[in-house]
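Below is one structure, written out as structure tokens; comments come after it.
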Amino acid sequence: MQIECARHADRLRAPTVNQALDRHWPMALGRAGQRKAGALRFEVLGPVVGYTAGGPIGLGTSRQCTVLAALLVEPGVPVALEQLVDRVWGEEPPQQARATLHVYLSRLRTVLGDAGGPALVRRAHAYVLDVDPAAVDLHRFRALAREARSASDDRAVVLWRDALTLWRGTPFAGLDSDWLRAAAVAMDVERLAAILDHNDVLLRRGEHAQLVSELTAAAAEFPLDERLAGQLMLALYRSGRQVEALAHYRSVHDRLVEELGSVPGPELWDLHQRILRHDPGLAVTTVADRPEPAVVITEDPQGTSGGAIASHRPAQLPADLTGFTGRATDLHRLDKLLEESTSGSLGAMLITVIAGTAGVGKTALAVHWAHRVADRFPDGQLYVNLRGYDLEQPMPAADALVRFLAALGVTGQNIPPEMDERAARYRSELAGRRMLIVLDNAANAAQVRPLLPGTDSCMVIVTSRDSLAGLVAVHGAHRIDLDLLPAGEAIGLLRRLIGARVEAESEAATTLAEQCARLPLALRVVAELAVARPDSTLADLVAELADRQARLELLEAGDDPYAAVREVLSWSIQHVPPDAAHLFRLLGSHPSPDWDANVAATLADTGLDHARRALELLARAHLLHRTGRFRFGMHDLLRAYATHLALRSA
């Protein structure tokens, strides 16, 4: 469908290709720094061609054009020689592929040089085509699409038309390369999304009557595309043709049942219901009258939605935590990273990992900060609890992608079946959008990777009990290791939750904070205990918590496992190997405040290297913390929990 959709886009009303090129090429030249008049521009959204101000130039044989196209997809990016061989010939290159490739590259260098074009440079074992992206129609299309998605409707309609007229057919038409064919399919997904976004703008502008014929033809070509079906239904309804709009829904419904064994997704079903009841909200509104889109909750009696349905500007952040206290240093660091990202000084997508032990307040910090800066992300916020450390099984990345795609407006059969395809569609939907993505409670880096956008316009916050070293090493993530609350902030949290009694019994409150290891979860549970016992003193509570094992029993909030300190700690130990878990239990009973590998090896009756690895694993899972070079300790509640496990296994 994606390849065929290119033909549909050619029918859109728009200026001619030459008009669009004439309008945008001078701007591209200006941005590039006054290139000389003979500078080359390239087109790959159709047959691959090159132009100077004087007209088209000869680029050589089909295979030579394939080499050029493989470099134009990533202008200015080094492409290794082996990658080029794979892109040009695939899995079965000829015996002399490298030598042949050098010939093509040499010829291209001559062709481009004679035409005053960009340099084709060799760097180590890679080649770079040093071309301005603005000189390639594919990258001009993407730039126009990004601008259109953030522009006012009046401006956007011009930008979409100019972007879509750059397409002349199937990308790289006529070239024999599996890699280019796969790239063309992905580009056609971008094009279809642009067509549908363009339609949305026209519908908002009240151009439904002019759109009906084009949408009718397109819907006949793509009868199972639900977003397109919804646009046609809306255009028909606004044109006074309610019966036809309802009939089209029935046609789509029946075809989905017959061909796919499914029913229309929740958004199309909801539109059908609104048309049935003549919902006034379907009328055309002016920009001034139109409310800012947010999350729309729809009940779906057919049971197809699987929950809430988000509009195209999702706002999925959970509620901010009541009584959030402290963390000024960590909030400042997050603010600074955002500023650096916005200014472009980071030079890449911003990924921040907030790591720390169970109950230390990772989610609270991420959500609190996200609410503070939500207005900096005008295209919305995505949130998911990945359940990496939870009562339930971790959420597969494939399932999280379904949720995110639905929130971005991709539903039903439009969501690809395979995870890699879902991830690619997700990245396409986010391209150019300014969004904040919170991936909460991640189990490991592998669970997170498919959920990373492909654009530096987005920011990603990941929370985990694991240090997620892979995200830092491979993806350049910034890590904030969240420590226990400082003593003053711990007392401040108790004061905020309990009230004046904290001031009246300051010494007992200080002890209470230390008994809770200054762990925010434990502090909140103990504050609830104090509030529930207004006739008891804080000193009474301190006495009850004196015994570590009794402390674990008391630090539970009813039957809620998410508010039971011992239960929450147990989700961490389940993620470490058995030998590391065994060492954790042994360390809890050792009288020393901290230990090195020698102590660990003696306790576990194992080798020194093995003990070191186990200590590092426990530290990475934040079941231990570093107290010095090669030394590790654990806070009081973890020690109590380790002792509890040791007693239970004895």
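Each chain in the structure tokens gets a letter, A, B and so on, in the order shown; residues start at 1 in every chain, and ligands are counted from 1 in the order they appear.
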
Write out as a PDB file with N, CA and C atoms, in the first residue's frame all residues of segment 401-444 of chain A that backbone DSSP assigns to helix (DSSP H, G or I).
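File produced: result32.pdb:
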```pdb
ATOM      1  N   LEU A 401       4.940   0.090  22.154  1.00  0.00           N
ATOM      2  CA  LEU A 401       4.841   0.778  20.863  1.00  0.00           C
ATOM      3  C   LEU A 401       3.403   0.867  20.388  1.00  0.00           C
ATOM      4  N   VAL A 402       2.615  -0.170  20.628  1.00  0.00           N
ATOM      5  CA  VAL A 402       1.195  -0.123  20.255  1.00  0.00           C
ATOM      6  C   VAL A 402       0.502   1.022  20.990  1.00  0.00           C
ATOM      7  N   ARG A 403       0.787   1.144  22.280  1.00  0.00           N
ATOM      8  CA  ARG A 403       0.169   2.221  23.068  1.00  0.00           C
ATOM      9  C   ARG A 403       0.586   3.597  22.555  1.00  0.00           C
ATOM     10  N   PHE A 404       1.862   3.750  22.280  1.00  0.00           N
ATOM     11  CA  PHE A 404       2.339   5.043  21.805  1.00  0.00           C
ATOM     12  C   PHE A 404       1.780   5.369  20.423  1.00  0.00           C
ATOM     13  N   LEU A 405       1.753   4.396  19.528  1.00  0.00           N
ATOM     14  CA  LEU A 405       1.221   4.650  18.186  1.00  0.00           C
ATOM     15  C   LEU A 405      -0.247   5.029  18.248  1.00  0.00           C
ATOM     16  N   ALA A 406      -1.003   4.349  19.117  1.00  0.00           N
ATOM     17  CA  ALA A 406      -2.415   4.700  19.269  1.00  0.00           C
ATOM     18  C   ALA A 406      -2.559   6.129  19.774  1.00  0.00           C
ATOM     19  N   ALA A 407      -1.698   6.521  20.716  1.00  0.00           N
ATOM     20  CA  ALA A 407      -1.752   7.886  21.241  1.00  0.00           C
ATOM     21  C   ALA A 407      -1.403   8.914  20.175  1.00  0.00           C
ATOM     22  N   GLY A 412      -5.729   0.419  15.073  1.00  0.00           N
ATOM     23  CA  GLY A 412      -6.279  -0.683  14.295  1.00  0.00           C
ATOM     24  C   GLY A 412      -5.248  -1.353  13.415  1.00  0.00           C
ATOM     25  N   GLN A 413      -5.675  -1.686  12.196  1.00  0.00           N
ATOM     26  CA  GLN A 413      -4.806  -2.423  11.284  1.00  0.00           C
ATOM     27  C   GLN A 413      -3.658  -1.577  10.757  1.00  0.00           C
ATOM     28  N   ASN A 414      -3.649  -0.276  11.050  1.00  0.00           N
ATOM     29  CA  ASN A 414      -2.552   0.581  10.606  1.00  0.00           C
ATOM     30  C   ASN A 414      -1.290   0.398  11.444  1.00  0.00           C
ATOM     31  N   MET A 419       7.664  -5.880  15.576  1.00  0.00           N
ATOM     32  CA  MET A 419       8.167  -4.814  16.448  1.00  0.00           C
ATOM     33  C   MET A 419       9.055  -3.830  15.697  1.00  0.00           C
ATOM     34  N   ASP A 420       9.958  -4.330  14.842  1.00  0.00           N
ATOM     35  CA  ASP A 420      10.844  -3.421  14.114  1.00  0.00           C
ATOM     36  C   ASP A 420      10.053  -2.457  13.244  1.00  0.00           C
ATOM     37  N   GLU A 421       8.986  -2.964  12.626  1.00  0.00           N
ATOM     38  CA  GLU A 421       8.149  -2.107  11.789  1.00  0.00           C
ATOM     39  C   GLU A 421       7.394  -1.094  12.648  1.00  0.00           C
ATOM     40  N   ARG A 422       6.937  -1.545  13.817  1.00  0.00           N
ATOM     41  CA  ARG A 422       6.259  -0.611  14.733  1.00  0.00           C
ATOM     42  C   ARG A 422       7.211   0.498  15.164  1.00  0.00           C
ATOM     43  N   ALA A 423       8.447   0.096  15.500  1.00  0.00           N
ATOM     44  CA  ALA A 423       9.435   1.094  15.940  1.00  0.00           C
ATOM     45  C   ALA A 423       9.714   2.093  14.828  1.00  0.00           C
ATOM     46  N   ALA A 424       9.799   1.612  13.586  1.00  0.00           N
ATOM     47  CA  ALA A 424      10.046   2.520  12.463  1.00  0.00           C
ATOM     48  C   ALA A 424       8.875   3.471  12.261  1.00  0.00           C
ATOM     49  N   ARG A 425       7.640   2.952  12.374  1.00  0.00           N
ATOM     50  CA  ARG A 425       6.463   3.809  12.225  1.00  0.00           C
ATOM     51  C   ARG A 425       6.413   4.834  13.357  1.00  0.00           C
ATOM     52  N   TYR A 426       6.759   4.397  14.561  1.00  0.00           N
ATOM     53  CA  TYR A 426       6.800   5.291  15.728  1.00  0.00           C
ATOM     54  C   TYR A 426       7.792   6.430  15.499  1.00  0.00           C
ATOM     55  N   ARG A 427       8.981   6.086  14.986  1.00  0.00           N
ATOM     56  CA  ARG A 427       9.965   7.136  14.715  1.00  0.00           C
ATOM     57  C   ARG A 427       9.470   8.085  13.620  1.00  0.00           C
ATOM     58  N   SER A 428       8.769   7.543  12.637  1.00  0.00           N
ATOM     59  CA  SER A 428       8.227   8.396  11.576  1.00  0.00           C
ATOM     60  C   SER A 428       7.171   9.351  12.123  1.00  0.00           C
ATOM     61  N   GLU A 429       6.323   8.851  13.024  1.00  0.00           N
ATOM     62  CA  GLU A 429       5.276   9.696  13.601  1.00  0.00           C
ATOM     63  C   GLU A 429       5.873  10.820  14.446  1.00  0.00           C
ATOM     64  N   LEU A 430       7.021  10.551  15.079  1.00  0.00           N
ATOM     65  CA  LEU A 430       7.638  11.551  15.949  1.00  0.00           C
ATOM     66  C   LEU A 430       8.559  12.509  15.199  1.00  0.00           C
TER      67      LEU A 430
END
```

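Here the question is which of A:Trp369, A:Tyr389, A:Trp167, A:Phe324 gets nearest to Leu497 of chain A using only C-alpha atoms, and that residue is A:Phe324.
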
Secondary structure check, strand (DSSP E) residues of segment 169-412 of chain A, as an mmCIF file with N, CA and C atoms, in the first residue's frame:
```cif
data_model
loop_
_atom_site.group_PDB
_atom_site.id
_atom_site.type_symbol
_atom_site.label_atom_id
_atom_site.label_comp_id
_atom_site.auth_asym_id
_atom_site.auth_seq_id
_atom_site.Cartn_x
_atom_site.Cartn_y
_atom_site.Cartn_z
ATOM 1 N N VAL A 295 -5.988 15.033 25.695
ATOM 2 C CA VAL A 295 -6.396 13.645 25.711
ATOM 3 C C VAL A 295 -7.908 13.560 25.655
ATOM 4 N N VAL A 296 -8.424 12.715 24.764
ATOM 5 C CA VAL A 296 -9.860 12.520 24.624
ATOM 6 C C VAL A 296 -10.160 11.106 25.078
ATOM 7 N N ILE A 309 -8.298 6.482 24.547
ATOM 8 C CA ILE A 309 -7.790 6.842 23.237
ATOM 9 C C ILE A 309 -7.273 8.249 23.307
ATOM 10 N N ALA A 310 -6.014 8.437 22.902
ATOM 11 C CA ALA A 310 -5.426 9.766 22.960
ATOM 12 C C ALA A 310 -5.510 10.449 21.621
ATOM 13 N N LEU A 350 18.243 14.194 23.388
ATOM 14 C CA LEU A 350 18.548 14.167 24.810
ATOM 15 C C LEU A 350 17.850 12.973 25.457
ATOM 16 N N ILE A 351 18.645 12.078 26.013
ATOM 17 C CA ILE A 351 18.139 10.945 26.793
ATOM 18 C C ILE A 351 18.715 11.070 28.191
ATOM 19 N N THR A 352 17.857 11.061 29.188
ATOM 20 C CA THR A 352 18.319 11.142 30.571
ATOM 21 C C THR A 352 17.802 9.935 31.340
ATOM 22 N N VAL A 353 18.710 9.223 31.980
ATOM 23 C CA VAL A 353 18.362 8.068 32.810
ATOM 24 C C VAL A 353 18.396 8.502 34.265
ATOM 25 N N ILE A 354 17.281 8.333 34.957
ATOM 26 C CA ILE A 354 17.230 8.572 36.401
ATOM 27 C C ILE A 354 17.263 7.202 37.066
ATOM 28 N N ALA A 355 18.396 6.875 37.675
ATOM 29 C CA ALA A 355 18.593 5.553 38.258
ATOM 30 C C ALA A 355 18.714 5.674 39.772
ATOM 31 N N GLN A 381 3.093 14.927 25.484
ATOM 32 C CA GLN A 381 3.936 14.059 26.303
ATOM 33 C C GLN A 381 3.402 12.629 26.228
ATOM 34 N N LEU A 382 4.319 11.690 26.092
ATOM 35 C CA LEU A 382 3.998 10.266 26.134
ATOM 36 C C LEU A 382 4.561 9.689 27.433
ATOM 37 N N TYR A 383 3.815 8.761 28.032
ATOM 38 C CA TYR A 383 4.267 8.129 29.283
ATOM 39 C C TYR A 383 3.871 6.662 29.253
ATOM 40 N N VAL A 384 4.761 5.812 29.737
ATOM 41 C CA VAL A 384 4.409 4.403 29.918
ATOM 42 C C VAL A 384 5.183 3.852 31.107
ATOM 43 N N ASN A 385 4.499 3.032 31.911
ATOM 44 C CA ASN A 385 5.156 2.269 32.972
ATOM 45 C C ASN A 385 5.555 0.927 32.366
#
```

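The spacing separating atom CA of His248 of chain A from atom CA of Gly230 of chain A amounts to 9.2 Å.
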
Contacts of Leu603 of chain A at 9 Å (only C-alpha atoms; same-chain gap of 4+ positions) as a ChimeraX atom specification: /A:583,586-587,590,598-599
